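Single-structure report; data block below.
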Amino acid sequence: MLNSFPQAVTIAGSDCDGSAGLQADLNTFQAQKVYGMSIVTAAVAGNSYGIFDSVALTTDFIDAQFKALATDFKIRAVKTGMLTDQATIECVVKNLQHYQWPNLVLDPVIITKHQALLLETKAYQTLIKELWPLALLVTPNFFEAQKLSGLKLATSLQIQQAAQRLQELGAKNVLIKGTHDDPQQQKVRDYVLFEDGTEKWLEADLIHTTHVNGTGDTLSAAIAAQLALGKTLDASIQIAENYTHQAIAQEIAVGHKYGPINHLV
Ligand code: PXL
């Protein structure tokens with residue numbers, strides 16, 4: 001009975017408008033019927049127009065949050081979001097190695113659609129070298145996959161090659177999120193390369209809306225939640241893709257510009 005209820009933790013930044021970051025993750029955990037916790041790495045001041053300021057929390061405080069959770073709860077899955085800089089990544093890696101929480105979904109948050117930098121450029125190598133090998137799954141978007149693999153992604157073959165490269169760098173499974181920037185585009189296609197070398201394209205109708213803040217955070221949080229519930233990785237990805245699609249499709253009127261998706265679906 002003790003700690004039998006499924007629990008998951010997000011290691012991420014706070015976004016005060018609730019559209020992204022740990023707020024989106026916790027909303028997603030709740031919607032997936034998983035008890036959610038958060039280790040706060042940073043906080044940003046932003047709204048549907050953009051991000052205006054940010055602060056990183058100290059590594060001592062991040063250590064304290066890990067310790068507080070590890071001494072009381074049974075964490076069944078973890079996701080990471082905004083990690084700011086090298087010192088934060090090293091702190092998170094040290095704690096994950098120490099506490100050995102299972103099912104790490106690593107969302108390599110680098111830059112927002114408003115061009116706010118959420119990870120400093122010189123930390124890319126630390127992310128790949130130290131955190132990547134701990135991940136069950138990494139979920140870069142198109143831009144992040146290009147940056148981190150060093151490959152240009154224009155064709156399906158190049159997406160497959162980038163996923164292979166990202167797997168060779170140590171992540172067991174790789175999900176590359178498709179682009180959705182072309183106004184003529186009808187479909188969006190995500191690509192998954194599994195640990196055993198099998199692959200999958202996940203295609204959905206592209207919904208043309210400006211309310212897509214926090215979509216990547218939500219997808220990776222939903223995958224972590226499903227893993228916490230005991231689903232296989234393949235099933236977790238499918239359920240998370242469907243949930244995120246519905247959260248975009250059933251738009252809510254919040255904010256003036258680039259609004260949040262609807263976690264209540
Ligand atoms: O969606 C990426 C993201 C992650 N984490 C935080 C953010 C954002 C985007 O705004 O603010 C804290």
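Residues in the structure tokens are numbered from 1 in each chain, the chains being A, B, ... in the order shown, and ligands are numbered from 1 in the order shown.
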Leu22 (chain A) surroundings by only C-alpha atoms, 6 Å radius, close-in-sequence under 6 positions cut, as a PDB file with C-alpha atoms, in the first residue's frame:
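Output file result-v6.pdb is given in full below:
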ATOM      1  CA  ALA A  12      12.230  21.627 -15.181  1.00  0.00           C
ATOM      2  CA  GLY A  13      11.763  25.369 -15.171  1.00  0.00           C
ATOM      3  CA  SER A  14       8.697  27.193 -13.914  1.00  0.00           C
TER       4      SER A  14
END
Around ligand 1, at most 7 Å away and counting only C-alpha atoms and all ligand atoms, which residues are there? Put them as a ChimeraX atom specification, please.
/A:12-15,20-22,43-44,51,81-82,109,112,213-217
Considering only alpha helix (DSSP H) as DSSP defines it on the backbone, what residues of region 19-243 of chain A qualify? List them as a ChimeraX atom specification.
/A:21-31,59-70,86-99,124-126,142-149,156-168,215-228,233-243
Taking only region 109-146 of chain A into account, list the residues labelled strand (DSSP E or B) by DSSP (computed from the backbone), as a VMD selection string.
chain A and resid 111 117 119 137 to 138 141
Contacts of Gly178 (chain A) at 12 Å (only C-alpha atoms; same-chain gap of 4+ positions) as a PyMOL selection string:
chain A and resi 139-146+153-156+159-160+182+185+187-192+201-206+216
Using the selection just defined, write its residues with C-alpha atoms as a PDB file, in the first residue's frame.
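That gives us selection.pdb:
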ATOM      1  CA  THR A 139      12.488  13.831 -27.525  1.00  0.00           C
ATOM      2  CA  PRO A 140      14.204  16.590 -29.544  1.00  0.00           C
ATOM      3  CA  ASN A 141      12.177  18.728 -31.902  1.00  0.00           C
ATOM      4  CA  PHE A 142      13.402  19.264 -35.442  1.00  0.00           C
ATOM      5  CA  PHE A 143      15.595  22.210 -34.504  1.00  0.00           C
ATOM      6  CA  GLU A 144      17.100  20.483 -31.440  1.00  0.00           C
ATOM      7  CA  ALA A 145      17.761  17.290 -33.416  1.00  0.00           C
ATOM      8  CA  GLN A 146      19.700  19.331 -36.013  1.00  0.00           C
ATOM      9  CA  LEU A 153      17.245  17.526 -41.593  1.00  0.00           C
ATOM     10  CA  ALA A 154      15.538  18.066 -44.917  1.00  0.00           C
ATOM     11  CA  THR A 155      14.493  14.547 -45.935  1.00  0.00           C
ATOM     12  CA  SER A 156      13.052  11.479 -44.203  1.00  0.00           C
ATOM     13  CA  ILE A 159      15.744  12.386 -39.992  1.00  0.00           C
ATOM     14  CA  GLN A 160      16.447   8.650 -39.712  1.00  0.00           C
ATOM     15  CA  ASP A 182       4.885  25.458 -43.323  1.00  0.00           C
ATOM     16  CA  GLN A 185       1.437  21.685 -44.566  1.00  0.00           C
ATOM     17  CA  LYS A 187       0.314  16.540 -41.839  1.00  0.00           C
ATOM     18  CA  VAL A 188       2.910  16.435 -39.101  1.00  0.00           C
ATOM     19  CA  ARG A 189       5.171  13.387 -38.818  1.00  0.00           C
ATOM     20  CA  ASP A 190       7.142  12.373 -35.737  1.00  0.00           C
ATOM     21  CA  TYR A 191       9.821   9.688 -36.026  1.00  0.00           C
ATOM     22  CA  VAL A 192      10.772   7.106 -33.391  1.00  0.00           C
ATOM     23  CA  TRP A 201       6.579   7.192 -38.220  1.00  0.00           C
ATOM     24  CA  LEU A 202       3.654   8.735 -36.341  1.00  0.00           C
ATOM     25  CA  GLU A 203       1.534  10.901 -38.601  1.00  0.00           C
ATOM     26  CA  ALA A 204      -1.306  13.214 -37.600  1.00  0.00           C
ATOM     27  CA  ASP A 205      -3.306  16.015 -39.212  1.00  0.00           C
ATOM     28  CA  LEU A 206      -1.616  19.356 -38.582  1.00  0.00           C
ATOM     29  CA  GLY A 216       6.777  19.475 -26.472  1.00  0.00           C
TER      30      GLY A 216
END
Shell around Ala222 (chain A) at 9 Å using only C-alpha atoms, local window under 2 positions removed, as a PyMOL selection string:
chain A and resi 25+28-29+31-32+217-220+224-227+236-237+239-241+243-244
The selected residues should be written to file as a compact mmCIF listing (two decimals), in the first residue's frame (atoms: all heavy atoms).
# COMPACT_ATOMS: atom_id res chain seq x y z
N ASP A 25 3.85 20.26 -17.36
CA ASP A 25 4.15 18.86 -16.99
C ASP A 25 3.22 18.37 -15.89
O ASP A 25 2.67 17.26 -15.96
CB ASP A 25 5.60 18.74 -16.52
CG ASP A 25 6.60 19.10 -17.61
OD1 ASP A 25 6.23 19.07 -18.79
OD2 ASP A 25 7.76 19.41 -17.26
N THR A 28 -0.21 17.83 -17.06
CA THR A 28 -0.26 16.59 -17.86
C THR A 28 -0.27 15.36 -16.96
O THR A 28 -1.07 14.44 -17.15
CB THR A 28 0.95 16.55 -18.82
OG1 THR A 28 0.92 17.72 -19.63
CG2 THR A 28 0.93 15.31 -19.69
N PHE A 29 0.60 15.35 -15.96
CA PHE A 29 0.62 14.21 -15.01
C PHE A 29 -0.78 14.02 -14.41
O PHE A 29 -1.30 12.91 -14.32
CB PHE A 29 1.63 14.46 -13.89
CG PHE A 29 3.09 14.39 -14.30
CD1 PHE A 29 4.07 14.98 -13.50
CD2 PHE A 29 3.50 13.76 -15.46
CE1 PHE A 29 5.42 14.93 -13.84
CE2 PHE A 29 4.85 13.70 -15.82
CZ PHE A 29 5.81 14.29 -15.00
N ALA A 31 -3.68 15.00 -15.58
CA ALA A 31 -4.65 14.53 -16.58
C ALA A 31 -4.46 13.04 -16.87
O ALA A 31 -5.41 12.36 -17.25
CB ALA A 31 -4.50 15.34 -17.87
N GLN A 32 -3.23 12.56 -16.71
CA GLN A 32 -2.95 11.13 -16.96
C GLN A 32 -3.14 10.28 -15.70
O GLN A 32 -2.77 9.11 -15.67
CB GLN A 32 -1.51 10.94 -17.45
CG GLN A 32 -1.10 11.81 -18.61
CD GLN A 32 -1.71 11.36 -19.92
OE1 GLN A 32 -1.67 10.18 -20.24
NE2 GLN A 32 -2.28 12.29 -20.65
N ASP A 217 6.68 19.95 -24.11
CA ASP A 217 6.73 19.60 -22.69
C ASP A 217 5.62 18.58 -22.38
O ASP A 217 5.84 17.59 -21.68
CB ASP A 217 6.48 20.84 -21.81
CG ASP A 217 7.29 22.05 -22.26
OD1 ASP A 217 7.23 22.41 -23.45
OD2 ASP A 217 8.00 22.62 -21.44
N THR A 218 4.44 18.86 -22.93
CA THR A 218 3.27 18.01 -22.67
C THR A 218 3.49 16.59 -23.22
O THR A 218 3.19 15.61 -22.54
CB THR A 218 2.02 18.67 -23.31
OG1 THR A 218 1.85 19.94 -22.69
CG2 THR A 218 0.78 17.81 -23.14
N LEU A 219 4.00 16.52 -24.44
CA LEU A 219 4.22 15.19 -25.04
C LEU A 219 5.19 14.36 -24.17
O LEU A 219 4.90 13.21 -23.82
CB LEU A 219 4.78 15.33 -26.46
CG LEU A 219 5.09 14.00 -27.15
CD1 LEU A 219 3.80 13.24 -27.47
CD2 LEU A 219 5.90 14.21 -28.43
N SER A 220 6.31 14.97 -23.79
CA SER A 220 7.30 14.19 -23.02
C SER A 220 6.78 13.89 -21.61
O SER A 220 7.04 12.80 -21.07
CB SER A 220 8.65 14.91 -22.97
OG SER A 220 8.50 16.23 -22.52
N ALA A 224 6.19 10.16 -19.94
CA ALA A 224 6.70 9.79 -18.60
C ALA A 224 5.55 9.29 -17.72
O ALA A 224 5.70 8.30 -16.98
CB ALA A 224 7.41 10.99 -17.96
N ALA A 225 4.40 9.95 -17.81
CA ALA A 225 3.25 9.54 -16.98
C ALA A 225 2.83 8.12 -17.33
O ALA A 225 2.57 7.30 -16.45
CB ALA A 225 2.10 10.51 -17.19
N GLN A 226 2.77 7.81 -18.62
CA GLN A 226 2.35 6.47 -19.04
C GLN A 226 3.37 5.41 -18.61
O GLN A 226 3.00 4.30 -18.23
CB GLN A 226 2.10 6.43 -20.55
CG GLN A 226 0.88 7.23 -20.99
CD GLN A 226 -0.40 6.76 -20.32
OE1 GLN A 226 -0.64 5.56 -20.16
NE2 GLN A 226 -1.24 7.70 -19.91
N LEU A 227 4.65 5.78 -18.66
CA LEU A 227 5.68 4.85 -18.17
C LEU A 227 5.49 4.61 -16.67
O LEU A 227 5.64 3.49 -16.18
CB LEU A 227 7.08 5.41 -18.46
CG LEU A 227 7.49 5.44 -19.94
CD1 LEU A 227 8.75 6.29 -20.13
CD2 LEU A 227 7.71 4.02 -20.47
N SER A 236 3.25 4.01 -24.50
CA SER A 236 3.30 5.33 -23.84
C SER A 236 3.39 6.44 -24.88
O SER A 236 2.72 7.47 -24.76
CB SER A 236 4.51 5.41 -22.91
OG SER A 236 4.40 4.45 -21.88
N ILE A 237 4.22 6.21 -25.90
CA ILE A 237 4.38 7.23 -26.94
C ILE A 237 3.07 7.42 -27.69
O ILE A 237 2.62 8.54 -27.94
CB ILE A 237 5.53 6.85 -27.91
CG1 ILE A 237 6.88 6.95 -27.19
CG2 ILE A 237 5.52 7.73 -29.16
CD1 ILE A 237 8.08 6.43 -27.98
N ILE A 239 -0.07 6.81 -26.70
CA ILE A 239 -1.08 7.46 -25.86
C ILE A 239 -0.75 8.95 -25.71
O ILE A 239 -1.62 9.81 -25.81
CB ILE A 239 -1.15 6.77 -24.47
CG1 ILE A 239 -1.65 5.33 -24.62
CG2 ILE A 239 -2.03 7.56 -23.50
CD1 ILE A 239 -1.45 4.45 -23.39
N ALA A 240 0.53 9.25 -25.52
CA ALA A 240 0.96 10.64 -25.33
C ALA A 240 0.74 11.46 -26.60
O ALA A 240 0.33 12.63 -26.55
CB ALA A 240 2.43 10.68 -24.92
N GLU A 241 0.99 10.86 -27.76
CA GLU A 241 0.77 11.56 -29.03
C GLU A 241 -0.73 11.89 -29.18
O GLU A 241 -1.08 12.99 -29.57
CB GLU A 241 1.23 10.69 -30.22
CG GLU A 241 2.74 10.52 -30.32
CD GLU A 241 3.40 11.53 -31.28
OE1 GLU A 241 2.71 12.18 -32.06
OE2 GLU A 241 4.65 11.64 -31.21
N TYR A 243 -3.02 12.16 -26.80
CA TYR A 243 -3.41 13.16 -25.78
C TYR A 243 -2.99 14.56 -26.23
O TYR A 243 -3.77 15.52 -26.18
CB TYR A 243 -2.77 12.79 -24.44
CG TYR A 243 -2.92 13.89 -23.39
CD1 TYR A 243 -4.17 14.20 -22.86
CD2 TYR A 243 -1.81 14.60 -22.93
CE1 TYR A 243 -4.32 15.21 -21.92
CE2 TYR A 243 -1.95 15.61 -21.99
CZ TYR A 243 -3.20 15.91 -21.48
OH TYR A 243 -3.35 16.90 -20.56
N THR A 244 -1.75 14.69 -26.69
CA THR A 244 -1.23 16.01 -27.08
C THR A 244 -2.01 16.54 -28.28
O THR A 244 -2.34 17.72 -28.35
CB THR A 244 0.29 15.90 -27.39
OG1 THR A 244 0.93 15.27 -26.28
CG2 THR A 244 0.91 17.27 -27.62
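A straight line drawn from CA of Tyr258 (chain A) to CA of Ile110 (chain A) is 18.3 Å long.
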Gly36 (chain A): which residues within 8 Å, counting only C-alpha atoms, same-chain residues fewer than 3 positions away excluded, as a list in words?
Gln7, Ala8, Val9, Thr10, Leu26, Phe29 and Gln30 of chain A
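Around Asn95 (chain A), within 10 Å and counting only C-alpha atoms, the residues found are A:Ile62, A:Asp63, A:Phe66, A:Lys67, A:Ala70, A:Ile89, A:Glu90, A:Cys91, A:Val92, A:Val93, A:Gln97, A:His98, A:Tyr99, A:Gln100, A:Trp101, once anything fewer than 2 positions away on its own chain is removed.
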